[in-house]
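For reference, data-v3.pdb (PDB, C-alpha atoms (C1' of nucleotides)):
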```pdb
ATOM      1  CA  MET A  36       0.000   0.000   0.000
ATOM      2  CA  PRO A  37       1.285   3.471  -0.846
ATOM      3  CA  ALA A  38       1.657   5.798   2.125
ATOM      4  CA  LYS A  39      -1.298   8.068   2.804
ATOM      5  CA  ARG A  40      -0.604  11.432   1.254
ATOM      6  CA  GLN A  41      -2.199  14.716   2.004
ATOM      7  CA  LYS A  42      -2.198  18.210   0.633
ATOM      8  CA  ALA A  43       1.166  19.802   1.250
ATOM      9  CA  GLY A  44      -0.470  22.889   2.718
ATOM     10  CA  GLU A  45      -1.879  21.328   5.864
ATOM     11  CA  LEU A  46      -0.238  21.551   9.248
ATOM     12  CA  VAL A  47      -0.703  18.231  11.009
ATOM     13  CA  ALA A  48      -0.130  17.334  14.659
ATOM     14  CA  VAL A  49       1.638  14.020  15.108
ATOM     15  CA  PRO A  50       1.390  12.721  18.679
ATOM     16  CA  ALA A  51       4.652  11.444  20.110
ATOM     17  CA  ASP A  52       5.101   9.150  23.048
ATOM     18  CA  GLY A  53       6.687  10.873  26.047
ATOM     19  CA  SER A  54       8.107  14.363  25.800
ATOM     20  CA  LEU A  55      10.000  14.548  22.554
ATOM     21  CA  ASP A  56      12.257  17.572  22.408
ATOM     22  CA  LEU A  57      12.320  18.396  18.728
ATOM     23  CA  GLY A  58      14.977  21.090  18.861
ATOM     24  CA  GLN A  59      17.313  19.047  20.983
ATOM     25  CA  THR A  60      16.904  16.040  18.710
ATOM     26  CA  LEU A  61      17.467  17.970  15.487
ATOM     27  CA  ASP A  62      20.501  19.675  17.012
ATOM     28  CA  SER A  63      22.061  16.631  18.617
ATOM     29  CA  GLY A  64      24.640  15.845  15.985
ATOM     30  CA  GLN A  65      22.647  13.113  14.280
ATOM     31  CA  VAL A  66      21.327  15.142  11.383
ATOM     32  CA  PHE A  67      22.776  18.289   9.808
ATOM     33  CA  HIS A  68      20.304  19.329   7.129
ATOM     34  CA  PHE A  69      17.605  21.278   8.980
ATOM     35  CA  GLU A  70      17.481  25.039   9.396
ATOM     36  CA  THR A  71      15.372  26.993  11.861
ATOM     37  CA  THR A  72      12.591  28.959  10.223
ATOM     38  CA  ARG A  73       9.088  30.376  10.697
ATOM     39  CA  LEU A  74       5.985  29.161   8.987
ATOM     40  CA  GLY A  75       2.696  30.937   9.560
ATOM     41  CA  GLY A  76       4.094  32.517  12.691
ATOM     42  CA  ILE A  77       5.322  29.217  14.115
ATOM     43  CA  GLU A  78       8.979  28.694  14.996
ATOM     44  CA  GLY A  79      10.291  25.446  13.624
ATOM     45  CA  TRP A  80      12.693  23.724  11.242
ATOM     46  CA  ALA A  81      12.656  23.314   7.497
ATOM     47  CA  GLY A  82      14.440  20.660   5.509
ATOM     48  CA  CYS A  83      13.890  17.607   3.368
ATOM     49  CA  LEU A  84      13.266  13.955   4.036
ATOM     50  CA  GLY A  85      14.756  12.471   0.925
ATOM     51  CA  ALA A  86      13.319  14.632  -1.835
ATOM     52  CA  ASP A  87      10.256  15.840   0.103
ATOM     53  CA  PRO A  88      10.325  19.228   1.813
ATOM     54  CA  VAL A  89       9.048  19.194   5.391
ATOM     55  CA  PHE A  90       8.387  21.681   8.147
ATOM     56  CA  LEU A  91       8.651  20.569  11.774
ATOM     57  CA  ALA A  92       7.705  22.370  14.978
ATOM     58  CA  PRO A  93       7.039  21.414  18.593
ATOM     59  CA  GLY A  94       3.333  20.775  19.074
ATOM     60  CA  GLY A  95       3.069  20.554  22.857
ATOM     61  CA  GLU A  96       3.200  17.428  25.034
ATOM     62  CA  GLY A  97       5.865  16.022  22.795
ATOM     63  CA  ALA A  98       3.734  16.194  19.668
ATOM     64  CA  ILE A  99       5.165  17.294  16.350
ATOM     65  CA  LEU A 100       3.480  19.891  14.192
ATOM     66  CA  THR A 101       4.426  19.126  10.644
ATOM     67  CA  ARG A 102       3.715  20.109   7.120
ATOM     68  CA  ALA A 103       4.705  17.271   4.866
ATOM     69  CA  ARG A 104       3.369  15.435   1.859
ATOM     70  CA  ASP A 105       4.145  12.119   3.517
ATOM     71  CA  VAL A 106       3.318  12.306   7.232
ATOM     72  CA  PRO A 107       4.068   8.624   7.916
ATOM     73  CA  ALA A 108       7.605   9.362   6.721
ATOM     74  CA  VAL A 109       7.869  11.913   9.527
ATOM     75  CA  ARG A 110       6.761   9.264  12.009
ATOM     76  CA  ARG A 111       9.425   6.896  10.680
ATOM     77  CA  PHE A 112      12.066   9.627  10.829
ATOM     78  CA  PHE A 113      11.458  10.093  14.555
ATOM     79  CA  GLN A 114      10.919   6.349  15.111
ATOM     80  CA  LEU A 115       7.689   7.058  16.955
ATOM     81  CA  ASP A 116       6.709   3.407  16.791
ATOM     82  CA  THR A 117       9.567   2.462  19.082
ATOM     83  CA  PRO A 118       8.167   3.169  22.570
ATOM     84  CA  LEU A 119      10.513   5.055  24.811
ATOM     85  CA  ALA A 120       9.567   3.089  27.937
ATOM     86  CA  GLU A 121      10.531  -0.129  26.206
ATOM     87  CA  ILE A 122      13.932   1.277  25.364
ATOM     88  CA  ARG A 123      14.608   2.578  28.860
ATOM     89  CA  ALA A 124      13.570  -0.755  30.352
ATOM     90  CA  THR A 125      16.524  -2.435  28.635
ATOM     91  CA  PHE A 126      19.114  -0.121  30.172
ATOM     92  CA  PRO A 127      21.282  -1.399  33.036
ATOM     93  CA  ALA A 128      19.309  -1.028  36.256
ATOM     94  CA  ALA A 129      21.956   0.562  38.427
ATOM     95  CA  ASP A 130      23.759   2.976  36.153
ATOM     96  CA  ALA A 131      23.862   6.358  37.854
ATOM     97  CA  VAL A 132      25.904   7.914  35.051
ATOM     98  CA  LEU A 133      23.356   7.030  32.404
ATOM     99  CA  GLU A 134      20.520   8.210  34.643
ATOM    100  CA  GLU A 135      22.268  11.524  35.073
ATOM    101  CA  ALA A 136      22.793  11.803  31.315
ATOM    102  CA  ILE A 137      19.142  11.062  30.580
ATOM    103  CA  ALA A 138      18.079  13.698  33.101
ATOM    104  CA  HIS A 139      20.005  16.248  31.006
ATOM    105  CA  CYS A 140      18.111  15.463  27.813
ATOM    106  CA  PRO A 141      15.027  13.289  28.417
ATOM    107  CA  GLY A 142      13.450  14.491  25.165
ATOM    108  CA  LEU A 143      16.288  13.313  22.959
ATOM    109  CA  ARG A 144      15.465  10.634  20.376
ATOM    110  CA  ILE A 145      17.372   8.581  17.865
ATOM    111  CA  LEU A 146      16.368   9.392  14.302
ATOM    112  CA  ARG A 147      16.109   7.083  11.347
ATOM    113  CA  GLN A 148      17.404   9.053   8.415
ATOM    114  CA  PRO A 149      17.604   8.132   4.755
ATOM    115  CA  VAL A 150      20.677   5.882   4.655
ATOM    116  CA  TRP A 151      22.487   7.600   1.825
ATOM    117  CA  GLU A 152      22.256  11.050   3.425
ATOM    118  CA  CYS A 153      23.453   9.636   6.693
ATOM    119  CA  LEU A 154      26.379   7.784   5.119
ATOM    120  CA  ALA A 155      27.441  10.777   3.032
ATOM    121  CA  THR A 156      27.230  13.188   5.924
ATOM    122  CA  PHE A 157      29.213  11.092   8.359
ATOM    123  CA  ILE A 158      31.929  10.582   5.761
ATOM    124  CA  THR A 159      32.296  14.365   5.856
ATOM    125  CA  SER A 160      32.280  14.456   9.655
ATOM    126  CA  SER A 161      35.802  13.273  10.375
ATOM    127  CA  LEU A 162      37.761  15.717  12.563
ATOM    128  CA  LYS A 163      35.005  18.297  12.234
ATOM    129  CA  GLN A 164      32.836  20.152  14.676
ATOM    130  CA  VAL A 165      29.071  19.965  14.377
ATOM    131  CA  VAL A 166      28.872  23.528  13.048
ATOM    132  CA  HIS A 167      31.333  22.669  10.279
ATOM    133  CA  ILE A 168      29.454  19.532   9.311
ATOM    134  CA  ARG A 169      26.285  21.592   9.025
ATOM    135  CA  ARG A 170      28.072  24.081   6.803
ATOM    136  CA  MET A 171      29.391  21.384   4.467
ATOM    137  CA  SER A 172      25.910  19.880   4.240
ATOM    138  CA  LEU A 173      24.453  23.257   3.352
ATOM    139  CA  ALA A 174      27.096  23.936   0.703
ATOM    140  CA  LEU A 175      26.580  20.524  -0.900
ATOM    141  CA  ARG A 176      22.798  20.861  -0.843
ATOM    142  CA  ARG A 177      22.773  24.374  -2.262
ATOM    143  CA  ARG A 178      25.117  23.507  -5.071
ATOM    144  CA  PHE A 179      24.071  19.969  -6.003
ATOM    145  CA  GLY A 180      20.737  19.323  -4.316
ATOM    146  CA  ARG A 181      17.290  19.775  -5.744
ATOM    147  CA  ALA A 182      15.609  23.038  -4.735
ATOM    148  CA  ARG A 183      12.219  22.559  -3.093
ATOM    149  CA  ARG A 184       9.757  25.026  -1.655
ATOM    150  CA  ILE A 185       7.970  24.940   1.668
ATOM    151  CA  GLY A 186       5.994  27.781   3.179
ATOM    152  CA  GLY A 187       7.572  30.328   0.866
ATOM    153  CA  ARG A 188      11.057  29.229   1.759
ATOM    154  CA  VAL A 189      13.456  27.337  -0.466
ATOM    155  CA  VAL A 190      15.130  24.268   0.961
ATOM    156  CA  HIS A 191      17.571  22.007  -0.811
ATOM    157  CA  ALA A 192      17.325  18.245  -0.690
ATOM    158  CA  TYR A 193      20.485  16.283  -0.040
ATOM    159  CA  PRO A 194      22.095  15.572  -3.434
ATOM    160  CA  GLU A 195      21.707  12.092  -4.909
ATOM    161  CA  PRO A 196      24.822   9.940  -5.397
ATOM    162  CA  ALA A 197      24.656  10.553  -9.151
ATOM    163  CA  ALA A 198      24.818  14.311  -8.631
ATOM    164  CA  LEU A 199      27.908  14.102  -6.424
ATOM    165  CA  ALA A 200      29.546  11.534  -8.681
ATOM    166  CA  ALA A 201      29.031  13.793 -11.695
ATOM    167  CA  ALA A 202      30.253  16.842  -9.795
ATOM    168  CA  GLY A 203      33.761  15.488  -9.364
ATOM    169  CA  GLU A 204      36.072  15.502  -6.380
ATOM    170  CA  ALA A 205      37.384  19.012  -7.012
ATOM    171  CA  ALA A 206      33.891  20.503  -6.881
ATOM    172  CA  LEU A 207      33.225  18.731  -3.587
ATOM    173  CA  ARG A 208      36.435  20.198  -2.247
ATOM    174  CA  GLU A 209      35.077  23.637  -3.076
ATOM    175  CA  CYS A 210      32.296  22.944  -0.597
ATOM    176  CA  GLY A 211      34.878  22.962   2.173
ATOM    177  CA  LEU A 212      35.299  19.212   2.513
ATOM    178  CA  GLY A 213      39.067  19.064   2.318
ATOM    179  CA  TYR A 214      40.421  15.507   2.213
ATOM    180  CA  ARG A 215      36.899  14.193   2.894
ATOM    181  CA  ALA A 216      35.955  15.018  -0.707
ATOM    182  CA  ARG A 217      37.786  11.939  -1.954
ATOM    183  CA  GLY A 218      35.865   9.516   0.231
ATOM    184  CA  LEU A 219      32.512  11.130  -0.498
ATOM    185  CA  HIS A 220      33.140  11.203  -4.236
ATOM    186  CA  ARG A 221      34.275   7.589  -4.430
ATOM    187  CA  THR A 222      31.289   6.481  -2.362
ATOM    188  CA  ALA A 223      28.895   8.456  -4.559
ATOM    189  CA  GLU A 224      30.440   6.873  -7.656
ATOM    190  CA  ALA A 225      30.173   3.352  -6.270
ATOM    191  CA  LEU A 226      26.465   3.881  -5.584
ATOM    192  CA  ALA A 227      25.629   5.857  -8.715
ATOM    193  CA  SER A 228      27.287   3.285 -10.961
ATOM    194  CA  GLY A 229      25.388   0.455  -9.327
ATOM    195  CA  ALA A 230      28.618  -1.227  -8.235
ATOM    196  CA  ARG A 231      27.177  -1.169  -4.736
ATOM    197  CA  ASP A 232      23.620  -0.855  -3.422
ATOM    198  CA  LEU A 233      22.608   0.320   0.042
ATOM    199  CA  ALA A 234      19.580  -1.985  -0.106
ATOM    200  CA  GLU A 235      21.995  -4.858   0.527
ATOM    201  CA  LEU A 236      22.267  -3.685   4.130
ATOM    202  CA  GLU A 237      18.816  -4.976   4.935
ATOM    203  CA  GLY A 238      19.809  -8.600   4.568
ATOM    204  CA  LEU A 239      22.846  -8.393   6.839
ATOM    205  CA  ASP A 240      23.168  -8.721  10.578
ATOM    206  CA  ASP A 241      24.775  -5.854  12.495
ATOM    207  CA  ALA A 242      28.343  -7.109  12.283
ATOM    208  CA  ALA A 243      28.103  -7.935   8.585
ATOM    209  CA  ALA A 244      26.389  -4.619   7.839
ATOM    210  CA  ARG A 245      29.157  -2.758   9.645
ATOM    211  CA  ALA A 246      31.842  -4.591   7.675
ATOM    212  CA  TRP A 247      29.964  -3.945   4.450
ATOM    213  CA  LEU A 248      29.818  -0.220   5.166
ATOM    214  CA  MET A 249      33.504  -0.112   6.062
ATOM    215  CA  GLU A 250      34.379  -1.125   2.504
ATOM    216  CA  PHE A 251      33.513   2.401   1.409
ATOM    217  CA  HIS A 252      36.497   4.751   1.343
ATOM    218  CA  GLY A 253      36.319   7.115   4.295
ATOM    219  CA  VAL A 254      34.165   4.806   6.402
ATOM    220  CA  GLY A 255      35.784   3.329   9.485
ATOM    221  CA  GLU A 256      34.173   1.712  12.473
ATOM    222  CA  LYS A 257      32.902   4.934  14.013
ATOM    223  CA  VAL A 258      31.222   6.242  10.860
ATOM    224  CA  ALA A 259      29.801   2.800  10.078
ATOM    225  CA  ASN A 260      28.244   2.684  13.537
ATOM    226  CA  CYS A 261      26.736   6.138  13.045
ATOM    227  CA  VAL A 262      25.129   4.987   9.802
ATOM    228  CA  LEU A 263      23.766   1.837  11.433
ATOM    229  CA  LEU A 264      22.365   3.783  14.372
ATOM    230  CA  PHE A 265      21.111   6.984  12.737
ATOM    231  CA  GLY A 266      20.220   5.624   9.300
ATOM    232  CA  CYS A 267      19.349   1.950   9.656
ATOM    233  CA  GLY A 268      17.447   1.731  12.918
ATOM    234  CA  ARG A 269      20.098  -0.618  14.350
ATOM    235  CA  HIS A 270      19.563   0.288  17.979
ATOM    236  CA  GLY A 271      22.529  -1.626  19.339
ATOM    237  CA  ALA A 272      25.161   0.181  17.256
ATOM    238  CA  PHE A 273      27.411   2.201  19.540
ATOM    239  CA  PRO A 274      29.617   4.840  17.871
ATOM    240  CA  ILE A 275      32.574   5.830  20.014
ATOM    241  CA  ASP A 276      34.086   9.194  19.128
ATOM    242  CA  VAL A 277      36.424  11.378  21.165
ATOM    243  CA  TRP A 278      33.559  12.545  23.401
ATOM    244  CA  MET A 279      32.274   9.069  24.113
ATOM    245  CA  ASP A 280      35.790   7.823  24.705
ATOM    246  CA  ARG A 281      36.282  10.519  27.305
ATOM    247  CA  VAL A 282      32.975  10.160  29.118
ATOM    248  CA  LEU A 283      33.112   6.355  29.225
ATOM    249  CA  ARG A 284      36.667   6.192  30.538
ATOM    250  CA  GLU A 285      36.227   8.930  33.085
ATOM    251  CA  ARG A 286      32.841   7.945  34.426
ATOM    252  CA  TYR A 287      32.907   4.165  34.256
ATOM    253  CA  PHE A 288      36.522   3.264  35.088
ATOM    254  CA  GLY A 289      39.083   4.051  37.720
ATOM    255  CA  PRO A 290      42.269   5.931  36.850
ATOM    256  CA  ARG A 291      44.340   2.783  36.326
ATOM    257  CA  LYS A 292      41.928   0.793  34.178
ATOM    258  CA  ARG A 293      41.055   3.945  32.269
ATOM    259  CA  LYS A 294      44.546   4.180  30.849
ATOM    260  CA  ARG A 295      45.046   0.514  30.019
ATOM    261  CA  LEU A 296      41.747  -0.087  28.230
ATOM    262  CA  THR A 297      42.145  -0.303  24.442
ATOM    263  CA  ALA A 298      39.599   1.208  22.085
ATOM    264  CA  ARG A 299      38.499  -2.279  21.091
ATOM    265  CA  GLU A 300      37.942  -3.354  24.696
ATOM    266  CA  LEU A 301      35.992  -0.186  25.404
ATOM    267  CA  GLN A 302      33.790  -0.818  22.370
ATOM    268  CA  ARG A 303      33.033  -4.385  23.466
ATOM    269  CA  TRP A 304      32.393  -3.342  27.020
ATOM    270  CA  ALA A 305      29.937  -0.610  26.005
ATOM    271  CA  GLU A 306      27.947  -2.857  23.673
ATOM    272  CA  GLY A 307      27.592  -5.426  26.412
ATOM    273  CA  HIS A 308      26.935  -3.065  29.276
ATOM    274  CA  PHE A 309      24.251  -0.954  27.609
ATOM    275  CA  GLY A 310      22.511  -3.814  25.818
ATOM    276  CA  PRO A 311      20.209  -4.076  22.792
ATOM    277  CA  PHE A 312      19.460  -0.324  22.760
ATOM    278  CA  ALA A 313      23.042   0.685  23.464
ATOM    279  CA  GLY A 314      22.892   3.264  20.698
ATOM    280  CA  HIS A 315      20.212   5.204  22.529
ATOM    281  CA  ALA A 316      22.286   5.199  25.689
ATOM    282  CA  GLN A 317      25.178   6.418  23.575
ATOM    283  CA  GLN A 318      23.215   9.422  22.373
ATOM    284  CA  TYR A 319      22.238  10.485  25.907
ATOM    285  CA  LEU A 320      25.839  10.146  27.034
ATOM    286  CA  PHE A 321      27.159  11.945  23.972
ATOM    287  CA  HIS A 322      24.887  14.902  24.565
ATOM    288  CA  PHE A 323      25.769  14.858  28.257
ATOM    289  CA  ALA A 324      29.493  14.825  27.459
ATOM    290  CA  ARG A 325      29.207  17.672  24.977
ATOM    291  CA  LYS A 326      27.367  19.803  27.528
ATOM    292  CA  THR A 327      29.471  19.115  30.586
ATOM    293  CA  PHE A 328      33.075  18.581  29.476
TER     294      PHE A 328
ATOM    295  C1'  DG B 208      49.428  36.135  11.069
ATOM    296  C1'  DC B 209      50.072  32.004  14.136
ATOM    297  C1'  DT B 210      48.840  27.833  16.621
ATOM    298  C1'  DC B 211      45.629  24.450  17.761
ATOM    299  C1'  DA B 212      42.138  21.057  17.503
ATOM    300  C1'  DG B 213      37.819  19.478  15.714
ATOM    301  C1'  DG B 214      31.684  13.077  15.920
ATOM    302  C1'  DG B 215      38.373   9.770  12.008
ATOM    303  C1'  DT B 216      40.438   7.079   8.415
ATOM    304  C1'  DC B 217      44.184   5.146   5.919
ATOM    305  C1'  DG B 218      48.531   3.209   4.965
ATOM    306  C1'  DA B 219      52.945   2.090   6.748
ATOM    307  C1'  DT B 220      55.781   0.289  10.510
TER     308       DT B 220
ATOM    309  C1'  DA C 285      48.606  -2.289  17.966
ATOM    310  C1'  DT C 286      50.544   2.310  17.286
ATOM    311  C1'  DC C 287      51.663   6.604  14.463
ATOM    312  C1'  DG C 288      51.656  10.482  11.418
ATOM    313  C1'  DA C 289      49.462  12.623   7.456
ATOM    314  C1'  DC C 290      45.509  14.505   5.746
ATOM    315  C1'  DC C 291      42.213  19.607   4.086
ATOM    316  C1'  DC C 292      39.913  23.200   6.049
ATOM    317  C1'  DT C 293      38.094  26.437   9.381
ATOM    318  C1'  DG C 294      37.163  29.211  13.581
ATOM    319  C1'  DA C 295      38.670  30.291  18.168
ATOM    320  C1'  DG C 296      42.256  31.918  21.239
TER     321       DG C 296
END
```
Would you put the structure from the file into structure tokens?
Amino acid sequence: MPAKRQKAGELVAVPADGSLDLGQTLDSGQVFHFETTRLGGIEGWAGCLGADPVFLAPGGEGAILTRARDVPAVRRFFQLDTPLAEIRATFPAADAVLEEAIAHCPGLRILRQPVWECLATFITSSLKQVVHIRRMSLALRRRFGRARRIGGRVVHAYPEPAALAAAGEAALRECGLGYRARGLHRTAEALASGARDLAELEGLDDAAARAWLMEFHGVGEKVANCVLLFGCGRHGAFPIDVWMDRVLRERYFGPRKRKRLTARELQRWAEGHFGPFAGHAQQYLFHFARKTF
DNA sequence: GCTCAGGGTCGAT
DNA sequence: ATCGACCCTGAG
């Protein structure tokens, strides 16, 4: 069945379980393609889900006010069918650090983004601050993405692989990517040519999917885990970046163990300790670390 | 102007 | 396993 579609002009309230904090979620370093804007006097965010322009605003009691052609796609984006209580119930019972982190951002959710956008963006994320990643995304979208209109404002969809492949590495560099341009261009080419297909991910378990992603140039373990978590709905994926490395070592281990633990051991420990929804725990801790360190 | 580091990855020891 | 190079940008 095709998704139910409505007139693009309507503003629809989508109820969300718990108290979703839209702004916090869109600004949590998972997604980099939304800009704050006003629509009909309402403060919110404009961007695209795939090719479709959407407007998003807080609707009270955790609901989302949205204008979108495909409202179910908005529900999928915020993973509203994954109940928050169920996720929290899987967390380790006596973890004061995690509890403290959740208290800092109880409205934070894990998104499920279009896989390609997520993969492309995290390839550009290496050694970059969130503000820089946002800027690269904007430059790429403005130059190579399709222009769409929502509420009198123009937004640019994330460019398709074919568009970036055709653009060439040098043009990507002009968007401020630096050495990341090579990885992004080669990945775009592999997908545009049909040599590789992101749909293959669906048939793989987490470990195999991670290995498959790491065959792209510019994708290591951390980026692969980000794609699994933020783009594939793989809730157990646990990306460890410099922030996570710091917060885990400092809050979960004594000074001696902290120094001896290898990155690999830390990764294993985290996946086991936080369980099947480890990725969600990761996002609370990441946000917590960014705010408090 | 200069240094420094920022959601890492890759290739070489 | 560990180590330096890698592009670019804003903050100090």
Care to translate the PyMOL selection byres ((chain A) within 6 of (chain B)) into actual residues of this file, as a list in words?
Ser161, Leu162, Lys163, Gln164, Gly253 and Asp276 of chain A
Go through the shown structure with the PyMOL selection byres ((chain C) within 8 of (chain A)) and write out the matching residues as JSON, numbers by chain.
{"C": [290, 291, 292, 293]}
What's the 10 Å shell around Ser63 (chain A), counting only C-alpha atoms (C1' of nucleotides), without same-chain residues fewer than 6 positions away, as a PyMOL selection string?
chain A and resi 57+143-145+165+318-319+321-322+325
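The gap separating CA of Gly186 (chain A) from CA of Ala81 (chain A) is 9.1 Å, in Å to one decimal.
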What separation in Å, quoted to one decimal, exists between CA of His68 (chain A) and CA of Leu175 (chain A)?
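If I compute the distance from CA of His68 (chain A) to CA of Leu175 (chain A), I get 10.3 Å.
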On this structure, the PyMOL selection byres ((chain A and resi 70-77) around 12) would catch which residues? List them as a PyMOL selection string, sorted by chain and number.
chain A and resi 44-46+57-58+61-62+66-69+78-83+88-94+100-102+169-170+172-173+185-191
In Å, rounded to a single decimal, give me how far CA of Ala316 (chain A) is from CA of Leu55 (chain A).
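Going from CA of Leu55 (chain A) over to CA of Ala316 (chain A) covers 15.8 Å.
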Test item: residues at most 10 Å from region 278-286 of chain A, only C-alpha atoms (C1' of nucleotides), excluding those fewer than 4 positions along its chain, as a list of chain:residue names:
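Residues meeting the cut-off are A:Ala131, A:Val132, A:Leu133, A:Phe273, A:Pro274, A:Pro290, A:Lys292, A:Arg293, A:Lys294, A:Leu296, A:Ala298, A:Leu301, A:Gln302, A:Trp304, A:Ala305, A:Gln317, A:Gln318, A:Leu320, A:Phe321, A:His322, A:Phe323, A:Ala324, A:Arg325, A:Thr327, A:Phe328, B:DG214.
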Non-local contacts of region 149-152 of chain A (7 Å; all atoms listed in the file; under 2 positions in same chain excluded) as an NGL selection string
:A and (85 or 147 or 154-156 or 193 or 262 or 266-267)
